[in-house]
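Chemist: See run_15.pdb below, with PDB, C-alpha atoms.
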ATOM      1  CA  MET S 323       2.583  -7.908   0.296
ATOM      2  CA  ASN S 324      -0.701  -6.621   1.652
ATOM      3  CA  LYS S 325      -2.884  -4.778  -0.753
ATOM      4  CA  THR S 326      -2.883  -1.774   1.554
ATOM      5  CA  ARG S 327       0.321  -0.627   3.187
ATOM      6  CA  VAL S 328       1.712   2.406   4.939
ATOM      7  CA  ILE S 329       3.908   4.737   2.946
ATOM      8  CA  HIS S 330       5.582   8.001   3.811
ATOM      9  CA  TYR S 331       4.922  10.505   1.047
ATOM     10  CA  PRO S 332       6.958  13.731   1.017
ATOM     11  CA  VAL S 333       5.931  17.009  -0.584
ATOM     12  CA  GLN S 334       8.802  19.501  -0.848
ATOM     13  CA  CYS S 335       8.077  23.235  -0.880
ATOM     14  CA  ILE S 336      10.659  25.888  -1.578
ATOM     15  CA  VAL S 337      10.505  29.297   0.122
ATOM     16  CA  ARG S 338      12.135  31.922  -2.057
ATOM     17  CA  GLN S 339      11.115  35.186  -0.428
ATOM     18  CA  PRO S 340      10.710  36.042   3.245
ATOM     19  CA  LEU S 341       7.476  38.019   2.990
ATOM     20  CA  THR S 342       5.589  36.189   0.270
ATOM     21  CA  PRO S 343       3.274  33.345   1.335
ATOM     22  CA  VAL S 344       3.997  30.126  -0.511
ATOM     23  CA  ASN S 345       0.968  28.633  -2.208
ATOM     24  CA  ILE S 346       0.757  24.875  -2.200
ATOM     25  CA  TYR S 347      -1.068  23.072  -4.959
ATOM     26  CA  THR S 348      -0.274  19.488  -5.794
ATOM     27  CA  VAL S 349      -2.284  16.462  -6.801
ATOM     28  CA  LEU S 350      -1.828  13.481  -4.530
ATOM     29  CA  PRO S 351      -1.095  10.154  -6.233
ATOM     30  CA  GLY S 352      -4.169   8.103  -6.988
ATOM     31  CA  HIS S 353      -2.971   5.160  -4.891
ATOM     32  CA  ILE S 354      -3.180   7.101  -1.608
ATOM     33  CA  ARG S 355      -6.408   6.125   0.128
ATOM     34  CA  LYS S 356      -6.098   7.583   3.588
ATOM     35  CA  VAL S 357      -3.774   9.967   5.400
ATOM     36  CA  VAL S 358      -3.127   8.793   8.952
ATOM     37  CA  GLY S 359      -0.412  11.250   9.907
ATOM     38  CA  VAL S 360       1.055  14.580   8.905
ATOM     39  CA  LYS S 361       4.227  16.372   9.836
ATOM     40  CA  ALA S 362       6.130  19.302   8.412
ATOM     41  CA  VAL S 363       9.880  19.680   8.821
ATOM     42  CA  HIS S 364      12.549  22.083   7.678
ATOM     43  CA  SER S 365      14.810  20.288   5.228
ATOM     44  CA  VAL S 366      17.671  22.573   4.150
ATOM     45  CA  GLY S 367      18.433  26.256   3.809
ATOM     46  CA  VAL S 368      17.819  27.971   7.144
ATOM     47  CA  GLN S 369      21.185  26.786   8.472
ATOM     48  CA  LEU S 370      22.761  29.147   5.936
ATOM     49  CA  MET S 371      21.092  32.118   7.655
ATOM     50  CA  SER S 372      21.426  31.178  11.315
ATOM     51  CA  THR S 373      24.055  29.733  13.623
ATOM     52  CA  ASP S 374      21.343  28.394  15.924
ATOM     53  CA  SER S 375      20.668  24.693  15.795
ATOM     54  CA  TYR S 376      17.073  25.078  16.903
ATOM     55  CA  LEU S 377      14.383  27.664  16.239
ATOM     56  CA  PRO S 378      10.941  26.773  17.607
ATOM     57  CA  VAL S 379       8.959  28.246  14.724
ATOM     58  CA  ILE S 380      10.167  29.409  11.336
ATOM     59  CA  GLY S 381       6.734  29.486   9.745
ATOM     60  CA  TYR S 382       3.152  28.365   9.723
ATOM     61  CA  LEU S 383       1.631  25.834   7.410
ATOM     62  CA  SER S 384      -2.029  25.619   6.519
ATOM     63  CA  LEU S 385      -3.167  22.480   4.706
ATOM     64  CA  GLU S 386      -6.339  21.417   2.957
ATOM     65  CA  PHE S 387      -7.153  17.991   1.564
ATOM     66  CA  ASN S 388      -9.689  16.659  -0.929
ATOM     67  CA  ASN S 389      -9.922  19.673  -3.209
ATOM     68  CA  ARG S 390     -10.209  22.095  -0.271
ATOM     69  CA  GLN S 391     -12.993  20.118   1.349
ATOM     70  CA  TYR S 392     -11.044  19.331   4.523
ATOM     71  CA  HIS S 393      -8.904  21.901   6.328
ATOM     72  CA  ILE S 394      -6.527  20.249   8.748
ATOM     73  CA  GLY S 395      -5.601  23.511  10.473
ATOM     74  CA  HIS S 396      -2.333  25.308  11.035
ATOM     75  CA  ILE S 397       0.941  23.590  11.824
ATOM     76  CA  ASP S 398       4.009  25.269  13.305
ATOM     77  CA  VAL S 399       7.173  24.382  11.456
ATOM     78  CA  PRO S 400      10.380  24.385  13.555
ATOM     79  CA  PHE S 401      13.992  24.492  12.460
ATOM     80  CA  ASP S 402      15.902  21.681  14.117
ATOM     81  CA  ASN S 403      19.394  21.040  12.869
ATOM     82  CA  ARG S 404      20.162  18.385  15.445
ATOM     83  CA  ALA S 405      20.513  14.788  14.411
ATOM     84  CA  GLU S 406      17.818  13.559  16.725
ATOM     85  CA  ALA S 407      14.868  12.745  14.624
ATOM     86  CA  SER S 408      11.372  12.086  15.753
ATOM     87  CA  ASP S 409       9.094   9.752  13.893
ATOM     88  CA  ALA S 410       6.083  11.357  15.553
ATOM     89  CA  TYR S 411       3.299  12.482  13.262
ATOM     90  CA  LEU S 412       0.238  14.575  13.889
ATOM     91  CA  ASP S 413      -2.471  11.919  14.004
ATOM     92  CA  THR S 414      -5.117  12.274  11.345
ATOM     93  CA  SER S 415      -7.710  10.101   9.696
ATOM     94  CA  ILE S 416      -8.533  11.649   6.355
ATOM     95  CA  ASP S 417     -10.065   9.558   3.606
ATOM     96  CA  ILE S 418      -8.592  10.783   0.364
ATOM     97  CA  VAL S 419     -10.527  11.228  -2.826
ATOM     98  CA  PRO S 420      -8.279   9.573  -5.442
ATOM     99  CA  GLY S 421      -6.359  12.108  -7.451
ATOM    100  CA  SER S 422      -7.536  15.041  -5.339
ATOM    101  CA  LEU S 423      -5.721  18.267  -4.641
ATOM    102  CA  LEU S 424      -3.534  18.941  -1.639
ATOM    103  CA  SER S 425      -3.553  22.681  -1.164
ATOM    104  CA  GLY S 426      -2.745  25.345   1.361
ATOM    105  CA  HIS S 427      -0.059  27.869   2.045
ATOM    106  CA  TYR S 428       3.104  28.343   4.041
ATOM    107  CA  GLU S 429       3.971  31.634   5.676
ATOM    108  CA  ASN S 430       7.580  32.363   6.599
ATOM    109  CA  LYS S 431       8.080  34.033   9.995
ATOM    110  CA  VAL S 432      11.841  34.430  10.303
ATOM    111  CA  PHE S 433      14.488  36.618   8.702
ATOM    112  CA  THR S 434      11.874  39.071   7.529
ATOM    113  CA  GLY S 435      13.771  42.313   8.171
ATOM    114  CA  THR S 436      15.233  44.716   5.666
ATOM    115  CA  ASP S 437      18.548  42.864   5.929
ATOM    116  CA  TYR S 438      16.908  40.052   3.995
ATOM    117  CA  GLN S 439      14.465  41.733   1.635
ATOM    118  CA  ARG S 440      14.774  45.176   0.109
ATOM    119  CA  ALA S 441      11.908  47.595  -0.296
ATOM    120  CA  ASN S 442      11.660  46.727  -3.974
ATOM    121  CA  GLY S 443      10.925  43.105  -3.135
ATOM    122  CA  THR S 444      14.257  41.588  -4.073
ATOM    123  CA  VAL S 445      16.150  39.511  -1.544
ATOM    124  CA  THR S 446      19.617  40.347  -0.263
ATOM    125  CA  ASP S 447      22.676  38.139  -0.096
ATOM    126  CA  LYS S 448      21.825  37.269   3.498
ATOM    127  CA  TRP S 449      18.656  35.496   2.468
ATOM    128  CA  SER S 450      18.800  31.855   1.501
ATOM    129  CA  ASN S 451      15.997  29.930  -0.114
ATOM    130  CA  TYR S 452      14.934  27.058   2.077
ATOM    131  CA  ILE S 453      12.895  23.915   1.740
ATOM    132  CA  VAL S 454      10.089  22.746   3.987
ATOM    133  CA  THR S 455       8.884  19.188   3.510
ATOM    134  CA  ILE S 456       5.396  17.990   4.346
ATOM    135  CA  TYR S 457       5.359  14.274   5.130
ATOM    136  CA  LEU S 458       2.128  12.380   4.772
ATOM    137  CA  LYS S 459       1.894   8.999   6.430
ATOM    138  CA  ALA S 460      -0.633   7.363   4.206
ATOM    139  CA  LEU S 461      -2.335   4.117   3.385
ATOM    140  CA  SER S 462      -1.621   3.184  -0.178
ATOM    141  CA  ASP S 463      -3.081   0.453  -2.343
ATOM    142  CA  ASP S 464      -0.313   0.728  -4.911
TER     143      ASP S 464
ATOM    144  CA  MET X1367      17.449 -22.102  14.981
ATOM    145  CA  THR X1368      15.505 -18.956  14.216
ATOM    146  CA  ARG X1369      15.264 -16.339  16.897
ATOM    147  CA  GLY X1370      12.340 -13.973  17.166
ATOM    148  CA  PHE X1371      14.018 -11.062  15.481
ATOM    149  CA  ARG X1372      17.063 -10.064  13.524
ATOM    150  CA  TYR X1373      18.735  -6.805  12.603
ATOM    151  CA  GLN X1374      19.769  -7.084   8.982
ATOM    152  CA  GLN X1375      22.328  -4.480   8.058
ATOM    153  CA  VAL X1376      23.655  -2.961   4.866
ATOM    154  CA  SER X1377      26.621  -0.596   4.777
ATOM    155  CA  LEU X1378      27.224   1.920   2.031
ATOM    156  CA  ARG X1379      30.273   4.056   1.415
ATOM    157  CA  ILE X1380      29.696   7.597   0.181
ATOM    158  CA  SER X1381      32.848   8.647  -1.615
ATOM    159  CA  GLU X1382      32.055  12.185  -2.730
ATOM    160  CA  SER X1383      29.588  15.001  -2.436
ATOM    161  CA  GLY X1384      26.358  14.467  -4.305
ATOM    162  CA  GLN X1385      26.925  10.762  -4.859
ATOM    163  CA  ARG X1386      23.952   8.449  -5.243
ATOM    164  CA  VAL X1387      24.468   4.970  -3.926
ATOM    165  CA  TYR X1388      22.069   2.143  -4.626
ATOM    166  CA  PHE X1389      21.890  -1.266  -3.030
ATOM    167  CA  ASN X1390      19.710  -4.271  -3.282
ATOM    168  CA  ALA X1391      19.692  -7.222  -0.982
ATOM    169  CA  GLU X1392      17.488 -10.127  -0.063
ATOM    170  CA  SER X1393      15.747 -10.295   3.263
ATOM    171  CA  HIS X1394      16.685 -13.229   5.440
ATOM    172  CA  LYS X1395      14.517 -16.191   4.461
ATOM    173  CA  ASP X1396      13.625 -17.140   8.030
ATOM    174  CA  TYR X1397      11.864 -13.873   8.802
ATOM    175  CA  THR X1398       8.478 -12.802   7.534
ATOM    176  CA  LEU X1399       7.961  -9.243   8.749
ATOM    177  CA  LEU X1400       9.884  -6.023   8.361
ATOM    178  CA  LYS X1401       9.024  -3.881  11.350
ATOM    179  CA  GLY X1402      11.374  -0.934  11.179
ATOM    180  CA  ILE X1403      14.361   0.749   9.592
ATOM    181  CA  SER X1404      17.032   3.184  10.674
ATOM    182  CA  LEU X1405      20.226   4.774   9.406
ATOM    183  CA  SER X1406      23.459   5.642  11.126
ATOM    184  CA  VAL X1407      25.868   8.153   9.658
ATOM    185  CA  GLY X1408      29.180   9.274  11.072
ATOM    186  CA  TYR X1409      28.917  12.989  10.345
ATOM    187  CA  GLU X1410      25.906  14.853  11.597
ATOM    188  CA  ALA X1411      26.203  17.445   8.858
ATOM    189  CA  ALA X1412      26.072  14.755   6.211
ATOM    190  CA  LEU X1413      22.506  13.995   7.176
ATOM    191  CA  PHE X1414      20.884  17.260   6.287
ATOM    192  CA  GLY X1415      19.720  17.424   2.739
ATOM    193  CA  SER X1416      20.687  13.820   2.103
ATOM    194  CA  THR X1417      17.891  11.479   1.160
ATOM    195  CA  PHE X1418      17.127   7.788   1.413
ATOM    196  CA  GLY X1419      14.532   5.873  -0.573
ATOM    197  CA  PHE X1420      13.503   2.336   0.216
ATOM    198  CA  ARG X1421      11.464  -0.347  -1.521
ATOM    199  CA  VAL X1422      10.442  -3.898  -0.763
ATOM    200  CA  ASN X1423       9.625  -6.171  -3.669
ATOM    201  CA  GLU X1424       9.627  -3.093  -5.895
ATOM    202  CA  LYS X1425       6.900  -1.475  -3.800
ATOM    203  CA  LYS X1426       7.805   1.937  -2.470
ATOM    204  CA  ILE X1427       7.954   2.308   1.295
ATOM    205  CA  LEU X1428      10.005   5.514   1.516
ATOM    206  CA  ASP X1429      10.125   7.937  -1.362
ATOM    207  CA  GLU X1430      13.492   8.545  -2.940
ATOM    208  CA  SER X1431      13.409  12.056  -1.449
ATOM    209  CA  HIS X1432      12.783  10.941   2.149
ATOM    210  CA  GLU X1433      15.235  12.819   4.311
ATOM    211  CA  ALA X1434      17.970  10.749   5.893
ATOM    212  CA  HIS X1435      17.990  12.692   9.146
ATOM    213  CA  LEU X1436      14.455  11.520   9.877
ATOM    214  CA  LEU X1437      15.782   7.974  10.052
ATOM    215  CA  VAL X1438      18.617   8.697  12.482
ATOM    216  CA  PHE X1439      18.076   8.751  16.196
ATOM    217  CA  GLY X1440      20.096  10.320  18.984
ATOM    218  CA  ASN X1441      21.817   8.905  21.993
ATOM    219  CA  ASP X1442      18.910   9.755  24.265
ATOM    220  CA  VAL X1443      16.795   7.170  22.492
ATOM    221  CA  PRO X1444      17.103   3.588  23.764
ATOM    222  CA  HIS X1445      18.730   1.161  21.351
ATOM    223  CA  ASN X1446      15.588  -0.813  20.748
ATOM    224  CA  GLN X1447      13.673   2.343  19.840
ATOM    225  CA  ARG X1448      16.187   3.856  17.397
ATOM    226  CA  MET X1449      14.032   3.015  14.448
ATOM    227  CA  LEU X1450      11.335   4.267  12.218
ATOM    228  CA  PHE X1451       8.783   1.602  13.105
ATOM    229  CA  PHE X1452       6.179   0.677  10.542
ATOM    230  CA  GLU X1453       2.717   0.695  12.089
ATOM    231  CA  THR X1454       1.778  -2.053   9.700
ATOM    232  CA  PRO X1455       4.802  -4.352   9.389
ATOM    233  CA  VAL X1456       5.790  -5.094   5.830
ATOM    234  CA  PRO X1457       5.398  -8.783   4.930
ATOM    235  CA  ILE X1458       8.608 -10.262   3.556
ATOM    236  CA  HIS X1459       9.904 -13.662   2.622
ATOM    237  CA  ALA X1460      13.317 -13.663   1.031
ATOM    238  CA  SER X1461      12.140 -10.402  -0.472
ATOM    239  CA  LYS X1462      14.046  -7.957  -2.609
ATOM    240  CA  LEU X1463      15.134  -4.974  -0.519
ATOM    241  CA  GLU X1464      16.283  -1.886  -2.382
ATOM    242  CA  GLY X1465      17.540   1.433  -1.194
ATOM    243  CA  ILE X1466      19.124   4.512  -2.649
ATOM    244  CA  TYR X1467      21.048   7.076  -0.633
ATOM    245  CA  THR X1468      21.778  10.460  -2.186
ATOM    246  CA  ASP X1469      24.272  12.749  -0.525
ATOM    247  CA  SER X1470      23.281  16.440  -0.334
ATOM    248  CA  ALA X1471      20.323  15.868  -2.643
ATOM    249  CA  LEU X1472      18.123  18.672  -1.385
ATOM    250  CA  GLN X1473      20.839  21.348  -1.345
ATOM    251  CA  ALA X1474      20.856  21.129  -5.106
ATOM    252  CA  LEU X1475      17.194  22.185  -5.096
ATOM    253  CA  LEU X1476      17.681  25.482  -3.260
ATOM    254  CA  GLY X1477      17.987  27.250  -6.579
ATOM    255  CA  ASN X1478      14.798  25.701  -7.906
ATOM    256  CA  THR X1479      12.829  28.292  -9.873
ATOM    257  CA  SER X1480      10.187  26.148 -11.439
ATOM    258  CA  TYR X1481       7.311  27.624  -9.468
ATOM    259  CA  SER X1482       6.143  31.142  -8.612
ATOM    260  CA  PRO X1483       8.577  33.867  -7.501
ATOM    261  CA  GLY X1484       7.645  33.353  -3.860
ATOM    262  CA  GLY X1485       8.151  29.613  -4.043
ATOM    263  CA  GLY X1486       5.897  26.592  -4.030
ATOM    264  CA  VAL X1487       5.784  22.850  -4.337
ATOM    265  CA  ILE X1488       8.813  21.403  -6.059
ATOM    266  CA  PRO X1489       7.661  18.970  -8.742
ATOM    267  CA  PRO X1490       8.490  15.357  -7.894
ATOM    268  CA  ALA X1491      10.323  15.037 -11.189
ATOM    269  CA  ASP X1492      12.764  17.712  -9.978
ATOM    270  CA  VAL X1493      13.232  16.123  -6.576
ATOM    271  CA  ASN X1494      13.806  12.578  -7.720
ATOM    272  CA  VAL X1495      16.453  13.276 -10.286
ATOM    273  CA  LYS X1496      16.094   9.870 -11.804
ATOM    274  CA  LYS X1497      13.833   7.005 -10.971
ATOM    275  CA  THR X1498      16.619   4.565 -10.489
ATOM    276  CA  PHE X1499      14.953   1.728  -8.692
ATOM    277  CA  VAL X1500      13.500  -0.460 -11.346
ATOM    278  CA  SER X1501      16.094  -1.535 -13.842
ATOM    279  CA  GLY X1502      19.297  -0.565 -12.158
ATOM    280  CA  LYS X1503      20.592   0.720 -15.486
ATOM    281  CA  ASP X1504      20.483   4.340 -14.448
ATOM    282  CA  ILE X1505      22.247   3.930 -11.147
ATOM    283  CA  VAL X1506      24.933   6.556 -10.759
ATOM    284  CA  SER X1507      27.080   4.447  -8.546
ATOM    285  CA  TYR X1508      27.262   2.084  -5.730
ATOM    286  CA  SER X1509      30.756   2.165  -4.495
ATOM    287  CA  ARG X1510      30.758  -0.370  -1.734
ATOM    288  CA  VAL X1511      27.983  -2.541  -0.507
ATOM    289  CA  ILE X1512      28.107  -4.856   2.450
ATOM    290  CA  ALA X1513      25.148  -6.990   3.408
ATOM    291  CA  ASP X1514      25.278  -8.549   6.849
ATOM    292  CA  ALA X1515      28.979  -7.719   7.049
ATOM    293  CA  VAL X1516      29.722  -9.672   3.863
ATOM    294  CA  LEU X1517      31.235  -7.583   1.114
ATOM    295  CA  VAL X1518      28.929  -7.698  -1.871
ATOM    296  CA  SER X1519      30.631  -5.232  -4.129
ATOM    297  CA  ASP X1520      33.490  -2.804  -4.014
ATOM    298  CA  ASN X1521      34.076  -0.446  -6.877
ATOM    299  CA  ALA X1522      34.991   2.608  -4.848
ATOM    300  CA  GLY X1523      35.211   5.841  -6.715
ATOM    301  CA  VAL X1524      33.819   4.531  -9.962
ATOM    302  CA  ILE X1525      30.832   6.378 -11.341
ATOM    303  CA  VAL X1526      28.615   4.114 -13.391
ATOM    304  CA  GLY X1527      26.048   5.455 -15.802
ATOM    305  CA  GLY X1528      24.834   8.995 -16.263
ATOM    306  CA  GLY X1529      24.088  10.990 -13.176
ATOM    307  CA  GLY X1530      22.085  14.151 -12.842
ATOM    308  CA  LEU X1531      24.222  15.467 -10.030
ATOM    309  CA  GLY X1532      27.649  16.977 -10.179
ATOM    310  CA  THR X1533      30.549  15.453  -8.355
ATOM    311  CA  GLY X1534      31.843  18.663  -6.828
ATOM    312  CA  PRO X1535      30.629  20.312  -3.648
ATOM    313  CA  VAL X1536      26.965  21.156  -3.809
ATOM    314  CA  ALA X1537      25.829  24.713  -3.213
ATOM    315  CA  GLY X1538      24.974  25.153   0.416
ATOM    316  CA  SER X1539      26.824  22.075   1.557
ATOM    317  CA  PRO X1540      29.320  22.294   4.396
ATOM    318  CA  ASP X1541      32.913  23.151   3.675
ATOM    319  CA  PRO X1542      35.012  20.005   3.989
ATOM    320  CA  THR X1543      38.236  21.979   3.609
ATOM    321  CA  ASN X1544      37.694  23.930   6.801
ATOM    322  CA  PRO X1545      38.216  21.671   9.828
ATOM    323  CA  SER X1546      37.112  24.401  12.238
ATOM    324  CA  ASN X1547      33.667  24.323  10.698
ATOM    325  CA  PRO X1548      31.607  21.966  12.852
ATOM    326  CA  LEU X1549      29.381  21.271   9.882
ATOM    327  CA  SER X1550      32.173  19.789   7.819
ATOM    328  CA  VAL X1551      31.643  16.503   6.072
ATOM    329  CA  TYR X1552      34.671  14.392   5.267
ATOM    330  CA  TYR X1553      34.512  11.973   2.401
ATOM    331  CA  PRO X1554      34.292   9.070   2.253
ATOM    332  CA  TYR X1555      31.852   8.295   5.010
ATOM    333  CA  ASP X1556      29.772   5.223   5.670
ATOM    334  CA  VAL X1557      26.038   4.884   6.016
ATOM    335  CA  ARG X1558      24.697   1.870   7.817
ATOM    336  CA  ILE X1559      21.118   0.814   7.204
ATOM    337  CA  THR X1560      19.564  -1.391   9.851
ATOM    338  CA  MET X1561      16.358  -3.257   9.122
ATOM    339  CA  TYR X1562      14.414  -4.861  11.917
ATOM    340  CA  LEU X1563      13.117  -8.262  10.837
ATOM    341  CA  SER X1564      10.768 -10.428  12.818
ATOM    342  CA  VAL X1565       9.224 -13.873  12.458
TER     343      VAL X1565
END
If you convert what's in this file into structure tokens, what do you get?
Modeler:
Amino acid sequence: MNKTRVIHYPVQCIVRQPLTPVNIYTVLPGHIRKVVGVKAVHSVGVQLMSTDSYLPVIGYLSLEFNNRQYHIGHIDVPFDNRAEASDAYLDTSIDIVPGSLLSGHYENKVFTGTDYQRANGTVTDKWSNYIVTIYLKALSDD
Amino acid sequence: MTRGFRYQQVSLRISESGQRVYFNAESHKDYTLLKGISLSVGYEAALFGSTFGFRVNEKKILDESHEAHLLVFGNDVPHNQRMLFFETPVPIHASKLEGIYTDSALQALLGNTSYSPGGGVIPPADVNVKKTFVSGKDIVSYSRVIADAVLVSDNAGVIVGGGGLGTGPVAGSPDPTNPSNPLSVYYPYDVRITMYLSV
């Protein structure tokens, strides 16, 4: 195989409270050399709170690469429970410092009413944790 | 005579909720590039939370936690585009192809509490319950494997080795006992993996 190849590297984030931003800190594997595409998708959980199969935005994601040296911007994350996938990625060209930090935060924007979180900060039975996955299309020399 | 391309297929049978099914096969010797991959699954609801990992010659292409629904394409997509195409085709030559499909893998993570109270990144060690690719000794099960329509193995219903996942319904998974629920998944169901090979 070629020394450098394209891999799809997922980073799963769990959202456990509707009003608390989720901090993202994870070290990327040392074999990732360059990120050529990014996308963020809802994985599981929101379908337990909604009968809709599509919600345009359930939250916003902010991502930084290379130990906070490169801010990619904000990405809308939709909920799409239809079996029609898209392999489209947000095009990027980010050279990765080996072993550097991927950081940022995710802010939930749905199901934020008092039906889902009480005044004391605890969630109700209507709330369901959900998982958002960030996919990095990357060049790897593994 | 070798044609310019070939769709090599592997079919897996998922017998119960939470099952992990592993396959390995050899790429057709006459073809030198792997250009794309796709899955087809009978039940739409079975896709969400299920994962599919893929390796070629023991080099990871898709992580074990790659979501299956990202590899399935709808009817509005032309047949020759229903694929995840690799921008850089993967060189192959009678190469070892490995995959592992896990039913409802991510649902089991909804109760994950290993980070802060608000949530956070789920550690890879929690997502990939077991790194099962290398030796094959830790494979939970492969119940039925067909490569290019030739039955390779059939040990339906037998769980081999120690699994990290339960065999009952996973929290958050659809209710298979309620037929009126459009999100029901009926077991067993088949997953077909199509790999696009080229000369």
Chemist: With all atoms listed in the file counted and 8 Å as the cut-off, give the residues of chain S in contact with chain X, each with its shortest interatomic distance in Å and the pair that gives it, as CSV.
Modeler:
residue,atom,partner,partner_atom,distance
S:Met323,CA,X:Pro1457,CA,5.5
S:Asn324,CA,X:Pro1457,CA,7.3
S:Arg327,CA,X:Thr1454,CA,6.8
S:Val328,CA,X:Thr1454,CA,6.5
S:Ile329,CA,X:Ile1427,CA,5.0
S:His330,CA,X:Leu1428,CA,5.6
S:Tyr331,CA,X:Asp1429,CA,6.3
S:Pro332,CA,X:His1432,CA,6.6
S:Val333,CA,X:Val1487,CA,6.9
S:Gln334,CA,X:Ile1488,CA,5.5
S:Cys335,CA,X:Val1487,CA,4.2
S:Ile336,CA,X:Gly1485,CA,5.1
S:Val337,CA,X:Gly1485,CA,4.8
S:Arg338,CA,X:Gly1485,CA,5.0
S:Gln339,CA,X:Gly1484,CA,5.2
S:Thr342,CA,X:Gly1484,CA,5.4
S:Pro343,CA,X:Gly1484,CA,6.8
S:Val344,CA,X:Gly1486,CA,5.3
S:Asn345,CA,X:Gly1486,CA,5.6
S:Ile346,CA,X:Gly1486,CA,5.7
S:Tyr347,CA,X:Val1487,CA,6.9
S:Thr348,CA,X:Val1487,CA,7.1
S:Ser365,CA,X:Gly1415,CA,6.2
S:Val366,CA,X:Gly1415,CA,5.7
S:Gly367,CA,X:Leu1476,CA,7.2
S:Leu370,CA,X:Gly1538,CA,7.2
S:Asn403,CA,X:Phe1414,CA,7.7
S:Arg404,CA,X:Glu1410,CA,7.8
S:Ala405,CA,X:Glu1410,CA,6.1
S:Glu406,CA,X:Gly1440,CA,4.6
S:Ala407,CA,X:Leu1436,CA,4.9
S:Ser408,CA,X:Leu1436,CA,6.7
S:Asp409,CA,X:Leu1450,CA,6.2
S:Asn451,CA,X:Leu1476,CA,5.7
S:Tyr452,CA,X:Leu1476,CA,6.2
S:Ile453,CA,X:Leu1476,CA,7.1
S:Asp464,CA,X:Lys1425,CA,7.6
Chemist: Take CA of Gly426 in chain S and CA of Ala1491 in chain X and report the distance between them in Å, one decimal.
Modeler: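 Interatomic distance, CA of Gly426 in chain S to CA of Ala1491 in chain X: 20.8 Å.
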Chemist: Please, what distance in Å, to one decimal, runs between CA of Gly359 in chain S and CA of Phe1418 in chain X?
Modeler: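 CA of Phe1418 in chain X lies 19.8 Å from CA of Gly359 in chain S.
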Chemist: Identify all residues satisfying the PyMOL selection byres ((chain S and resi 420) around 8) in the given file; provide them as a list in words.
Modeler: Leu350, Pro351, Gly352, His353, Ile354, Arg355, Ile418, Val419, Gly421 and Ser422 of chain S
Chemist: Need the shell around Arg1558 in chain X: protein/DNA/RNA residues with any atom at most 8 Å away, counting only C-alpha atoms. Skip same-chain ones fewer than 4 positions apart. Format as a VMD selection string?
Modeler: chain X and resid 1375 to 1378 1405 to 1407
Chemist: What is the CA of Ile1466 in chain X-CA of Phe1389 in chain X distance in Å, reported with one decimal?
Modeler: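 One can read the CA of Ile1466 in chain X to CA of Phe1389 in chain X distance as 6.4 Å.
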Chemist: Using all atoms listed in the file, which of the listed residues (S:Phe433, S:Tyr438, S:Tyr392, S:Tyr382) sits closest to His364 in chain S?
Modeler: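 So, comparing all the options, the nearest one is S:Tyr382.
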Chemist: Please provide the set of residues having any atom within 9 Å of Lys431 in chain S, restricted to only C-alpha atoms, with same-chain residues fewer than 5 positions apart removed, written as JSON, numbers by chain.
Modeler: {"S": [340, 341, 379, 380, 381, 382]}
Chemist: Anything within 8 Å of (16.6, 37.4, 6.3): list those residues as a VMD selection string, counting all atoms listed in the file and sticking to the file's coordinates.
Modeler: chain S and resid 340 371 432 to 439 446 448 to 450
Chemist: Could you take the residues named above and write them with C-alpha atoms, as a PDB file, in the coordinates of the input?
Modeler:
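Saved file part-v4.pdb follows:
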ATOM      1  CA  PRO S 340      10.710  36.042   3.245  1.00  0.00           C
ATOM      2  CA  MET S 371      21.092  32.118   7.655  1.00  0.00           C
ATOM      3  CA  VAL S 432      11.841  34.430  10.303  1.00  0.00           C
ATOM      4  CA  PHE S 433      14.488  36.618   8.702  1.00  0.00           C
ATOM      5  CA  THR S 434      11.874  39.071   7.529  1.00  0.00           C
ATOM      6  CA  GLY S 435      13.771  42.313   8.171  1.00  0.00           C
ATOM      7  CA  THR S 436      15.233  44.716   5.666  1.00  0.00           C
ATOM      8  CA  ASP S 437      18.548  42.864   5.929  1.00  0.00           C
ATOM      9  CA  TYR S 438      16.908  40.052   3.995  1.00  0.00           C
ATOM     10  CA  GLN S 439      14.465  41.733   1.635  1.00  0.00           C
ATOM     11  CA  THR S 446      19.617  40.347  -0.263  1.00  0.00           C
ATOM     12  CA  LYS S 448      21.825  37.269   3.498  1.00  0.00           C
ATOM     13  CA  TRP S 449      18.656  35.496   2.468  1.00  0.00           C
ATOM     14  CA  SER S 450      18.800  31.855   1.501  1.00  0.00           C
TER      15      SER S 450
END
Chemist: Using all atoms listed in the file, pick whichever of S:Tyr428, S:Lys361, S:Leu412, S:Gln369 has the shortest atom-to-atom distance to Leu383 in chain S.
Modeler: S:Tyr428
Chemist: Please determine the residues with any atom at most 9 Å from (-8.4, 20.0, 1.0) (coordinates as given in the file, with only C-alpha atoms counting) and report them as a list in words.
Modeler: Leu385, Glu386, Phe387, Asn388, Asn389, Arg390, Gln391, Tyr392, His393, Ile394, Ser422, Leu423, Leu424, Ser425 and Gly426 of chain S
